[in-house]
Structures are given as structure tokens and as C-alpha cells.
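The structure file target_6.csv is reproduced below (CSV, C-alpha atoms).
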chain,number,residue,atom,x,y,z
U,94,MET,CA,-43.9,-0.5,30.4
U,95,SER,CA,-41.5,2.4,31.0
U,96,PHE,CA,-39.4,1.1,28.2
U,97,LEU,CA,-42.4,1.0,25.8
U,98,VAL,CA,-43.5,4.5,26.8
U,99,SER,CA,-39.9,5.9,26.2
U,100,ASN,CA,-39.2,4.1,23.0
U,101,TYR,CA,-42.6,3.4,21.4
U,102,SER,CA,-44.8,6.2,22.7
U,103,LYS,CA,-46.9,6.4,19.5
U,104,ALA,CA,-47.6,2.6,19.6
U,105,TYR,CA,-48.2,2.8,23.4
U,106,LYS,CA,-50.9,5.5,22.9
U,107,LYS,CA,-52.4,3.3,20.2
U,108,TYR,CA,-52.6,0.2,22.3
U,109,PHE,CA,-53.9,2.1,25.4
U,110,ASN,CA,-56.5,4.1,23.5
U,111,LEU,CA,-60.0,3.2,24.9
U,112,TYR,CA,-61.8,4.8,21.9
U,113,ASP,CA,-59.6,2.8,19.4
U,114,LEU,CA,-60.2,-0.3,21.5
U,115,THR,CA,-64.0,-0.1,21.3
U,116,SER,CA,-64.0,1.1,17.7
U,117,PRO,CA,-65.0,-1.9,15.5
U,118,ALA,CA,-63.2,-0.5,12.5
U,119,PRO,CA,-59.5,0.3,13.0
U,120,LYS,CA,-57.5,1.7,10.1
U,121,GLU,CA,-56.1,-1.1,8.0
U,122,ASN,CA,-53.0,1.0,7.0
U,123,SER,CA,-52.0,1.5,10.6
U,124,PHE,CA,-48.3,1.0,11.3
U,125,LEU,CA,-49.3,-1.6,14.0
U,126,VAL,CA,-52.1,-3.4,12.1
U,127,ASN,CA,-50.5,-4.2,8.8
U,128,LYS,CA,-47.2,-5.5,10.3
U,129,PRO,CA,-48.2,-7.8,13.2
U,130,LEU,CA,-44.8,-9.3,13.9
U,131,ASP,CA,-42.6,-6.2,13.4
U,132,ARG,CA,-40.4,-4.8,16.2
U,133,PRO,CA,-43.0,-2.5,18.0
U,134,ASN,CA,-45.6,-5.3,18.1
U,135,MET,CA,-43.1,-7.9,19.2
U,136,PHE,CA,-42.1,-5.7,22.2
U,137,PHE,CA,-45.8,-5.4,23.1
U,138,ILE,CA,-46.2,-9.1,22.8
U,139,ILE,CA,-43.3,-9.5,25.2
U,140,PHE,CA,-44.9,-7.0,27.5
U,141,LEU,CA,-48.2,-8.9,27.4
U,142,SER,CA,-46.4,-12.2,28.0
U,143,ILE,CA,-44.6,-10.8,31.1
U,144,LEU,CA,-47.9,-9.4,32.3
U,145,SER,CA,-49.7,-12.7,31.8
U,146,GLY,CA,-46.9,-14.6,33.5
U,147,PHE,CA,-47.1,-12.2,36.5
U,148,LEU,CA,-50.8,-12.7,36.6
U,149,ALA,CA,-50.4,-16.5,36.6
U,150,ILE,CA,-48.0,-16.3,39.5
U,151,LEU,CA,-50.5,-14.1,41.4
U,152,LEU,CA,-53.3,-16.6,40.7
U,153,GLN,CA,-51.0,-19.5,41.8
U,154,GLN,CA,-50.8,-17.9,45.3
U,155,ASN,CA,-54.6,-18.3,45.5
U,156,GLN,CA,-54.5,-21.9,44.3
U,157,ILE,CA,-56.3,-21.0,41.1
U,158,PHE,CA,-53.5,-21.5,38.6
U,159,VAL,CA,-51.5,-24.4,39.9
U,160,ILE,CA,-47.9,-25.0,38.7
U,161,LYS,CA,-47.1,-28.6,39.3
U,162,ASP,CA,-43.6,-30.0,39.9
U,163,SER,CA,-42.3,-31.4,36.6
U,164,PHE,CA,-39.2,-31.4,34.4
U,165,PHE,CA,-40.0,-27.8,33.3
U,166,PHE,CA,-41.4,-26.3,36.5
U,167,GLN,CA,-40.3,-26.5,40.1
U,168,ASN,CA,-42.7,-26.6,43.1
U,169,GLY,CA,-41.8,-24.3,46.0
U,170,SER,CA,-42.3,-20.9,47.5
U,171,THR,CA,-38.7,-19.6,47.6
U,172,PHE,CA,-38.0,-16.4,45.7
U,173,GLY,CA,-35.7,-18.2,43.2
U,174,ILE,CA,-38.3,-20.9,42.4
U,175,ILE,CA,-41.0,-18.3,41.9
U,176,LEU,CA,-38.8,-16.1,39.7
U,177,THR,CA,-37.7,-19.0,37.6
U,178,ASN,CA,-41.3,-20.3,37.2
U,179,PHE,CA,-42.4,-16.7,36.3
U,180,PHE,CA,-39.9,-16.4,33.4
U,181,LYS,CA,-40.8,-19.9,32.2
U,182,VAL,CA,-44.6,-19.2,32.3
U,183,SER,CA,-43.9,-15.8,30.5
U,184,LEU,CA,-42.0,-17.7,27.8
U,185,ILE,CA,-44.9,-20.1,27.3
U,186,PHE,CA,-47.3,-17.2,27.0
U,187,PHE,CA,-45.0,-15.5,24.4
U,188,ILE,CA,-44.9,-18.7,22.3
U,189,ALA,CA,-48.7,-19.0,22.7
U,190,PHE,CA,-49.3,-15.4,21.5
U,191,VAL,CA,-47.0,-15.8,18.5
U,192,GLY,CA,-48.5,-19.2,17.7
U,193,LYS,CA,-52.0,-17.6,17.9
U,194,TYR,CA,-51.1,-15.4,15.0
U,195,PHE,CA,-50.0,-18.2,12.8
U,196,PHE,CA,-53.0,-20.2,13.9
U,197,ILE,CA,-55.5,-17.5,12.8
U,198,LEU,CA,-53.4,-16.9,9.7
U,199,ILE,CA,-53.7,-20.5,8.6
U,200,THR,CA,-57.4,-20.6,9.5
U,201,GLY,CA,-58.0,-17.4,7.7
U,202,LYS,CA,-56.4,-18.7,4.5
U,203,LEU,CA,-58.6,-21.9,4.8
U,204,PHE,CA,-61.7,-19.6,4.9
U,205,ASN,CA,-60.2,-17.3,2.2
U,206,ILE,CA,-60.4,-14.3,4.6
U,207,GLU,CA,-56.7,-13.8,5.3
U,208,LYS,CA,-57.2,-10.1,4.6
U,209,ILE,CA,-58.7,-9.6,8.0
U,210,VAL,CA,-56.1,-11.7,10.0
U,211,ASP,CA,-53.8,-8.7,10.8
U,212,ILE,CA,-56.8,-6.7,12.2
U,213,HIS,CA,-58.0,-9.7,14.2
U,214,PHE,CA,-54.6,-10.2,15.7
U,215,PHE,CA,-54.2,-6.5,16.6
U,216,LYS,CA,-57.6,-6.5,18.3
U,217,ILE,CA,-56.5,-9.6,20.3
U,218,LEU,CA,-53.3,-7.9,21.5
U,219,GLN,CA,-54.9,-4.5,22.2
U,220,SER,CA,-57.8,-5.9,24.2
U,221,SER,CA,-55.6,-8.4,26.1
U,222,ILE,CA,-53.1,-5.8,27.1
U,223,TYR,CA,-55.9,-3.5,28.3
U,224,PHE,CA,-57.7,-6.3,30.3
U,225,PHE,CA,-54.6,-8.0,31.8
U,226,THR,CA,-53.2,-4.6,32.9
U,227,LEU,CA,-56.4,-3.7,34.7
U,228,PHE,CA,-56.8,-7.3,36.0
U,229,VAL,CA,-53.3,-7.4,37.5
U,230,ILE,CA,-54.0,-4.2,39.3
U,231,PHE,CA,-57.4,-5.5,40.5
U,232,ILE,CA,-55.9,-8.7,41.9
U,233,LEU,CA,-53.1,-6.9,43.7
U,234,ILE,CA,-55.6,-4.6,45.3
U,235,LEU,CA,-57.7,-7.6,46.4
U,236,GLN,CA,-54.7,-9.5,47.8
U,237,ASN,CA,-53.6,-6.5,49.8
U,238,THR,CA,-56.9,-5.3,51.3
U,239,TYR,CA,-59.6,-6.9,53.5
U,240,TRP,CA,-62.0,-7.1,50.5
U,241,GLY,CA,-60.0,-10.1,49.2
U,242,LYS,CA,-60.6,-12.1,52.3
U,243,SER,CA,-64.4,-12.3,51.7
U,244,ILE,CA,-64.2,-13.1,48.0
U,245,GLU,CA,-64.0,-16.5,46.4
U,246,PHE,CA,-61.2,-15.9,44.0
U,247,LYS,CA,-61.8,-18.9,41.7
U,248,TYR,CA,-65.3,-17.9,40.8
U,249,LEU,CA,-64.4,-14.3,40.5
U,250,VAL,CA,-61.6,-15.0,38.1
U,251,SER,CA,-63.7,-17.5,36.1
U,252,PHE,CA,-66.4,-14.9,35.7
U,253,LEU,CA,-64.1,-12.1,34.7
U,254,PHE,CA,-62.2,-14.2,32.2
U,255,THR,CA,-65.5,-15.5,30.7
U,256,VAL,CA,-66.8,-11.9,30.4
U,257,PHE,CA,-63.6,-10.7,28.8
U,258,TYR,CA,-63.3,-13.4,26.2
U,259,THR,CA,-66.9,-13.2,25.3
U,260,ALA,CA,-66.6,-9.4,24.8
U,261,ARG,CA,-63.4,-9.9,22.8
U,262,THR,CA,-65.0,-12.4,20.5
U,263,PHE,CA,-68.0,-10.1,20.0
U,264,LEU,CA,-65.6,-7.2,19.3
U,265,VAL,CA,-63.6,-9.2,16.8
U,266,TYR,CA,-66.9,-10.2,15.1
U,267,LEU,CA,-67.9,-6.6,14.7
U,268,THR,CA,-64.5,-5.6,13.5
U,269,ILE,CA,-64.3,-8.3,10.8
U,270,ASN,CA,-67.9,-7.7,9.8
U,271,GLN,CA,-67.1,-4.1,9.0
U,272,LYS,CA,-64.2,-5.0,6.7
U,273,GLY,CA,-65.8,-6.8,3.8
U,274,ASN,CA,-68.4,-9.1,2.3
U,275,ILE,CA,-67.8,-12.2,4.4
U,276,LYS,CA,-70.6,-14.7,4.7
U,277,THR,CA,-72.0,-14.8,8.2
U,278,LEU,CA,-71.8,-18.6,8.3
U,279,TYR,CA,-68.1,-18.5,7.3
U,280,LEU,CA,-67.4,-15.8,9.9
U,281,ILE,CA,-69.1,-17.7,12.7
U,282,SER,CA,-67.3,-20.9,11.8
U,283,TYR,CA,-64.0,-19.0,11.7
U,284,LEU,CA,-64.5,-17.5,15.1
U,285,CYS,CA,-65.6,-20.8,16.6
U,286,ILE,CA,-62.4,-22.4,15.5
U,287,VAL,CA,-60.0,-19.6,16.5
U,288,GLU,CA,-61.7,-18.0,19.5
U,289,VAL,CA,-64.6,-20.0,21.0
U,290,PHE,CA,-63.1,-23.5,21.2
U,291,PRO,CA,-59.6,-22.4,22.5
U,292,ILE,CA,-61.3,-20.3,25.1
U,293,ILE,CA,-63.5,-23.1,26.3
U,294,ILE,CA,-60.6,-25.5,26.5
U,295,GLY,CA,-58.4,-23.0,28.2
U,296,LEU,CA,-61.0,-22.1,30.9
U,297,ARG,CA,-61.7,-25.8,31.6
U,298,MET,CA,-58.0,-26.6,31.9
U,299,PHE,CA,-56.8,-23.7,34.1
U,300,LEU,CA,-59.9,-22.7,36.0
Would you give me this structure, written as C-alpha cells?
Amino acid sequence: MSFLVSNYSKAYKKYFNLYDLTSPAPKENSFLVNKPLDRPNMFFIIFLSILSGFLAILLQQNQIFVIKDSFFFQNGSTFGIILTNFFKVSLIFFIAFVGKYFFILITGKLFNIEKIVDIHFFKILQSSIYFFTLFVIFILILQNTYWGKSIEFKYLVSFLFTVFYTARTFLVYLTINQKGNIKTLYLISYLCIVEVFPIIIGLRMFL
């Protein structure tokens, strides 16, 4: 985060702008929106992947996100094993975020609405960075205070993730709906494929 603030301060302010986050109509000519895989955005995808990997390791300590012993992951509680699993999980998240862009790009072309793909992807990154940053801080506070002892982490995490992804899908819907004459049925079908179904599958698998 320090690296991003020092080298990409303008982009950092754009991503961590609450007004811009809640605005359903970002500028299409934004330097971050119209080039989703350029260098600034890639660094923020790396940051989001590291943040997501760190959150996964935190949740593992509460037996919510379980990393099983396999050819790719190691099972254990030593610093070396935890650090190795952290980098591996972060790499998987990075591949998933980049893959998400190509997934919505292909789906957008199938629905002939590829003009909104870049805005959609930017909203995903922006909202995810905001949520995961706050969520990591929240989990750290719970794990290091007496409040965490009286809370059922699994149900709390499931609830917060459900609220976030529901709100994100609604925000994406409003954003796309502001950007052109797209039939409601097409838009709902598109969001079901790229947002709703992956979210349901992911929540069932990991929570």
C-alpha cells in the first residue's frame, strides 16, 4: 500500500474514493477505467490479491477457510508453511482476478455489451479493494480483542460476504444501466452469469 501511495497516488485516491465508489456512473474516459490491464491497474490487482491471500490465512486460523494438505499446499502451523501458503493463495487470487476480466469480456461480447466490460471490471476492483481492506482490519480487531471470543466467525463471515457481493452486484447493475440502452432481460442474464452464479458457488465451496 505504501508503494502504491508513493508511485500511483492519483490512482490510489481514485480507488479509495467513497464518493466515486458509490457513484453509479464513473467517467468512461478515466485513465483507470478504459485500460483495465495497464500497469497501475495491475499493481492494484496484485495488492488486492495479496490482501485477499492475507484474509484467507486469517480465516484459516478460525477454521473457516481450510487449506488442505496437497501437492500445492502444505498443512502445518510453522511460519515457513504459513508464508508459503500465503504466497500460493495470493497467486491463485491474482489469476482469478485477471481471469475474471477475460470471463466478463467474453460474456459481454456474447451479449453484445462489451462496451461496459471495462467499467464493470473497474467497479469490481474498486469495491473489492475497499471491502477487503476494511474486512482485514475488522478481522484483526476481532482476533485480538475479547469481542472475537463471543462471536461465531463462520456465520459472521458468511453474512458479511453475502451482503458485500449482493451490494456489489446491485452497484454494477446501476452502473451498467446508466451507460446505454441495454435490455433489462439481457442485463439480468449477464449479471446472473458473471456475478450471481460464481458468488453462490464460491460461498458454498469456501464457507
Mind giving me the straight-line distance from atom CA of U:Leu97 to atom CA of U:Leu144 in Å, one decimal? 13.4 Å
Minimum-distance residue to U:Phe147, chosen among U:Ser220, U:Asn178, U:Thr277, U:Gln271 (using all atoms listed in the file):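 Under the stated criterion, the closest residue is U:Asn178.
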Would you mind reading off the distance between atom CA of U:Val210 and atom CA of U:Phe263, one decimal, in Å?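 Between atom CA of U:Val210 and atom CA of U:Phe263 the gap works out to 15.6 Å.
Among the candidate residues U:Thr115, U:Gln219, U:Phe225, U:Lys128, the one lying nearest to U:Ser145 is U:Phe225, with distances computed using only C-alpha atoms.
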I'd like the contact shell of U:Ile188 - 9 Å cut-off, all atoms listed in the file, skipping same-chain residues fewer than 5 positions apart - returned as a list in words.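 Selected residues are Ser142, Ser183 and Lys193 of chain U.
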U:Thr200, U:Thr238, U:Thr226, U:Thr262: which is nearest U:Tyr279, counting all atoms listed in the file?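 Looking at the shortest contact to U:Tyr279, the residue is U:Thr200.
Going from atom CA of U:Phe215 over to atom CA of U:Leu233, you cover 27.1 Å.
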Between U:Ser102, U:Ser282, U:Asn237, U:Gln167, which has the minimum distance to U:Lys181 (counting only C-alpha atoms)?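 Checking each of U:Ser102, U:Ser282, U:Asn237, U:Gln167 against U:Lys181, counting only C-alpha atoms, the winner is U:Gln167.
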Enumerate, as an MDAnalysis selection string, the protein, DNA and RNA residues whose atoms approach (-60.8, -17.6, 14.0) to within 9 Å, taking into account all atoms listed in the file and the coordinate frame of the file. chainID U and resid 196:198 200:201 210 213 280:289
Looking at U:Asn110, U:Gln154, U:Thr177, U:Thr171, which one is nearest to U:Ile232, with distances taken over all atoms listed in the file? U:Gln154
Which residues, written as a count of residues only, have at least one atom at most 8 Å from U:Phe187, with all atoms listed in the file counted and residues fewer than 6 positions away on the same chain left out? 4
Point out the residue among U:Tyr258, U:Leu249, U:Leu151, U:Ile292 with the least atom-to-atom distance to U:Lys216, counting all atoms listed in the file.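 Among the listed residues, the smallest separation from U:Lys216 belongs to U:Tyr258.
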From (-60.8, -7.8, 13.5), in the file's coordinates, out to 10 Å: which residues are reached, counting only C-alpha atoms? Answer as a PDB file with C-alpha atoms, in the frame of the given file.
ATOM      1  CA  PRO U 117     -65.000  -1.900  15.500  1.00  0.00           C
ATOM      2  CA  ALA U 118     -63.200  -0.500  12.500  1.00  0.00           C
ATOM      3  CA  PRO U 119     -59.500   0.300  13.000  1.00  0.00           C
ATOM      4  CA  GLU U 121     -56.100  -1.100   8.000  1.00  0.00           C
ATOM      5  CA  VAL U 126     -52.100  -3.400  12.100  1.00  0.00           C
ATOM      6  CA  LYS U 208     -57.200 -10.100   4.600  1.00  0.00           C
ATOM      7  CA  ILE U 209     -58.700  -9.600   8.000  1.00  0.00           C
ATOM      8  CA  VAL U 210     -56.100 -11.700  10.000  1.00  0.00           C
ATOM      9  CA  ASP U 211     -53.800  -8.700  10.800  1.00  0.00           C
ATOM     10  CA  ILE U 212     -56.800  -6.700  12.200  1.00  0.00           C
ATOM     11  CA  HIS U 213     -58.000  -9.700  14.200  1.00  0.00           C
ATOM     12  CA  PHE U 214     -54.600 -10.200  15.700  1.00  0.00           C
ATOM     13  CA  PHE U 215     -54.200  -6.500  16.600  1.00  0.00           C
ATOM     14  CA  LYS U 216     -57.600  -6.500  18.300  1.00  0.00           C
ATOM     15  CA  ILE U 217     -56.500  -9.600  20.300  1.00  0.00           C
ATOM     16  CA  ARG U 261     -63.400  -9.900  22.800  1.00  0.00           C
ATOM     17  CA  THR U 262     -65.000 -12.400  20.500  1.00  0.00           C
ATOM     18  CA  PHE U 263     -68.000 -10.100  20.000  1.00  0.00           C
ATOM     19  CA  LEU U 264     -65.600  -7.200  19.300  1.00  0.00           C
ATOM     20  CA  VAL U 265     -63.600  -9.200  16.800  1.00  0.00           C
ATOM     21  CA  TYR U 266     -66.900 -10.200  15.100  1.00  0.00           C
ATOM     22  CA  LEU U 267     -67.900  -6.600  14.700  1.00  0.00           C
ATOM     23  CA  THR U 268     -64.500  -5.600  13.500  1.00  0.00           C
ATOM     24  CA  ILE U 269     -64.300  -8.300  10.800  1.00  0.00           C
ATOM     25  CA  ASN U 270     -67.900  -7.700   9.800  1.00  0.00           C
ATOM     26  CA  GLN U 271     -67.100  -4.100   9.000  1.00  0.00           C
ATOM     27  CA  LYS U 272     -64.200  -5.000   6.700  1.00  0.00           C
TER      28      LYS U 272
END
